[in-house]
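See below for the structure under consideration.
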Amino acid sequence: MKTRKLALACPVCGSAEVFYSCEPKCCFNHVCAQCHTTFQPMTQAAGGVERGIEPPDPLPDCTEPTVACAKCESTRVYVMEDGRLVCAACGAVLELEITEVAAG
Ligand SMILES: [Zn+2]
Ligand SMILES: [Zn+2]
Ligand SMILES: [Zn+2]
């Protein structure tokens with residue numbers, strides 16, 4: 001199963017120019033380049049497991065949207081062709097949630 005990189009839209013202005021401003025050791029704080037809103041994405045298990053997940057090529061770099069798997073905490077979470085999120089480490093199908101929204 002091929003996947004593509006995670007893409008997040010700003011929960012306030014809808015811009016796709018969203019950057020991951022921290023590191024997985026600390027938190028998942030993202031910032032919108034348009035309106036400076038900050039937020040943290042997280043995942044919940046949606047039920048189901050996919051096998052044979054192929055990570056996107058090239059892999060996202062460290063400032064691109066990143067979220068941790070609800071099951072195994074891996075940050076190798078990508079988007080399948082049908083738009084659902086999946087963890088490339090454990091195969092869990094995931095749902096995205098946006099938390100900690102703070103308008104900039
Ligand atoms: Zn925004
Ligand atoms: Zn942080
Ligand atoms: Zn996982």
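Residue numbers start at 1 in each chain; chains themselves are named A, B, ... in the order of the structure tokens; ligands are numbered from 1 in the order shown.
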* Please check which protein, DNA or RNA residues sit within 9 Å of ligand 1, counting only C-alpha atoms and all ligand atoms, and write them as a count of residues only. => 20
* Could you give me, as a ChimeraX atom specification, each residue of stretch 2-48 of chain A that DSSP assigns to strand (DSSP E) when run on this structure's backbone? => /A:3-4,18-20,30-32,38-48
Can I get the selected residues back with N, CA and C atoms, as an mmCIF file, in the first residue's frame?
data_model
loop_
_atom_site.group_PDB
_atom_site.id
_atom_site.type_symbol
_atom_site.label_atom_id
_atom_site.label_comp_id
_atom_site.auth_asym_id
_atom_site.auth_seq_id
_atom_site.Cartn_x
_atom_site.Cartn_y
_atom_site.Cartn_z
ATOM 1 N N THR A 3 1.705 5.221 0.301
ATOM 2 C CA THR A 3 1.196 6.309 1.141
ATOM 3 C C THR A 3 1.820 7.621 0.693
ATOM 4 N N ARG A 4 1.226 8.704 1.155
ATOM 5 C CA ARG A 4 1.816 10.021 0.923
ATOM 6 C C ARG A 4 2.029 10.706 2.268
ATOM 7 N N VAL A 18 1.676 24.868 7.117
ATOM 8 C CA VAL A 18 1.741 24.541 8.530
ATOM 9 C C VAL A 18 3.063 23.828 8.771
ATOM 10 N N PHE A 19 3.772 24.268 9.804
ATOM 11 C CA PHE A 19 5.086 23.691 10.080
ATOM 12 C C PHE A 19 5.134 23.092 11.472
ATOM 13 N N TYR A 20 5.861 22.022 11.569
ATOM 14 C CA TYR A 20 6.102 21.390 12.871
ATOM 15 C C TYR A 20 7.260 22.130 13.520
ATOM 16 N N HIS A 30 2.520 22.630 16.264
ATOM 17 C CA HIS A 30 2.623 23.089 14.884
ATOM 18 C C HIS A 30 2.235 24.558 14.833
ATOM 19 N N VAL A 31 2.773 25.265 13.846
ATOM 20 C CA VAL A 31 2.432 26.676 13.700
ATOM 21 C C VAL A 31 2.037 26.952 12.252
ATOM 22 N N CYS A 32 1.001 27.795 12.103
ATOM 23 C CA CYS A 32 0.528 28.200 10.773
ATOM 24 C C CYS A 32 1.324 29.416 10.317
ATOM 25 N N THR A 38 -1.199 28.212 16.710
ATOM 26 C CA THR A 38 -0.489 26.980 17.043
ATOM 27 C C THR A 38 -1.492 25.905 17.430
ATOM 28 N N PHE A 39 -1.144 24.678 17.190
ATOM 29 C CA PHE A 39 -2.018 23.560 17.548
ATOM 30 C C PHE A 39 -1.191 22.288 17.603
ATOM 31 N N GLN A 40 -1.797 21.271 18.211
ATOM 32 C CA GLN A 40 -1.125 19.973 18.279
ATOM 33 C C GLN A 40 -2.053 18.897 17.724
ATOM 34 N N PRO A 41 -1.601 18.226 16.670
ATOM 35 C CA PRO A 41 -2.388 17.104 16.159
ATOM 36 C C PRO A 41 -2.117 15.847 16.984
ATOM 37 N N MET A 42 -3.124 15.018 17.117
ATOM 38 C CA MET A 42 -2.915 13.703 17.723
ATOM 39 C C MET A 42 -3.774 12.691 16.985
ATOM 40 N N THR A 43 -3.572 11.435 17.291
ATOM 41 C CA THR A 43 -4.340 10.408 16.584
ATOM 42 C C THR A 43 -5.098 9.539 17.575
ATOM 43 N N GLN A 44 -6.157 8.920 17.035
ATOM 44 C CA GLN A 44 -6.881 7.887 17.766
ATOM 45 C C GLN A 44 -6.959 6.688 16.843
ATOM 46 N N ALA A 45 -6.919 5.517 17.426
ATOM 47 C CA ALA A 45 -7.051 4.320 16.610
ATOM 48 C C ALA A 45 -8.442 4.292 15.986
ATOM 49 N N ALA A 46 -8.501 4.124 14.673
ATOM 50 C CA ALA A 46 -9.786 4.086 13.986
ATOM 51 C C ALA A 46 -10.294 2.662 13.866
ATOM 52 N N GLY A 47 -9.485 1.712 14.274
ATOM 53 C CA GLY A 47 -9.859 0.301 14.122
ATOM 54 C C GLY A 47 -9.312 -0.223 12.810
ATOM 55 N N GLY A 48 -8.768 -1.418 12.851
ATOM 56 C CA GLY A 48 -8.237 -1.996 11.628
ATOM 57 C C GLY A 48 -6.731 -1.839 11.548
#
Give me, as a Markdown table, each residue of chain A that comes within 8 Å of ligand 3, together with its shortest interatomic pair and the distance in Å at one decimal, counting only C-alpha atoms and all ligand atoms, with rows ordered by chain and rising residue number.
| residue | atom | partner | partner_atom_place_in_ligand_line | distance |
| --- | --- | --- | --- | --- |
| A:Ala68 | CA | ligand 3 | 1 (Zn) | 7.7 |
| A:Cys69 | CA | ligand 3 | 1 (Zn) | 4.6 |
| A:Ala70 | CA | ligand 3 | 1 (Zn) | 6.6 |
| A:Lys71 | CA | ligand 3 | 1 (Zn) | 5.0 |
| A:Cys72 | CA | ligand 3 | 1 (Zn) | 4.1 |
| A:Glu73 | CA | ligand 3 | 1 (Zn) | 5.9 |
| A:Ser74 | CA | ligand 3 | 1 (Zn) | 5.4 |
| A:Thr75 | CA | ligand 3 | 1 (Zn) | 7.9 |
| A:Arg76 | CA | ligand 3 | 1 (Zn) | 7.6 |
| A:Val77 | CA | ligand 3 | 1 (Zn) | 7.5 |
| A:Val86 | CA | ligand 3 | 1 (Zn) | 7.8 |
| A:Cys87 | CA | ligand 3 | 1 (Zn) | 4.6 |
| A:Ala88 | CA | ligand 3 | 1 (Zn) | 6.7 |
| A:Ala89 | CA | ligand 3 | 1 (Zn) | 5.0 |
| A:Cys90 | CA | ligand 3 | 1 (Zn) | 4.1 |
| A:Gly91 | CA | ligand 3 | 1 (Zn) | 6.0 |
| A:Ala92 | CA | ligand 3 | 1 (Zn) | 5.6 |
* Asked: Between A:Cys22, A:Val93, A:Ile98, A:Leu85, which is the closest to A:Thr63 once you count only C-alpha atoms?
  -> A:Cys22
* At most 7 Å from ligand 2 (only C-alpha atoms and all ligand atoms): residue list as an MDAnalysis selection string -> chainID A and resid 22:23 26:29
* What is the atom CA of A:Glu50 to atom CA of A:Ser21 distance in Å? ->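 Computing the Euclidean distance for atom CA of A:Glu50 and atom CA of A:Ser21 yields 29.4 Å.
The spacing separating atom CA of A:Glu100 from atom CA of A:Val79 amounts to 22.4 Å.
Reported to one decimal place, the separation of atom CA of A:Leu94 from atom CA of A:Lys2 is 15.8 Å.
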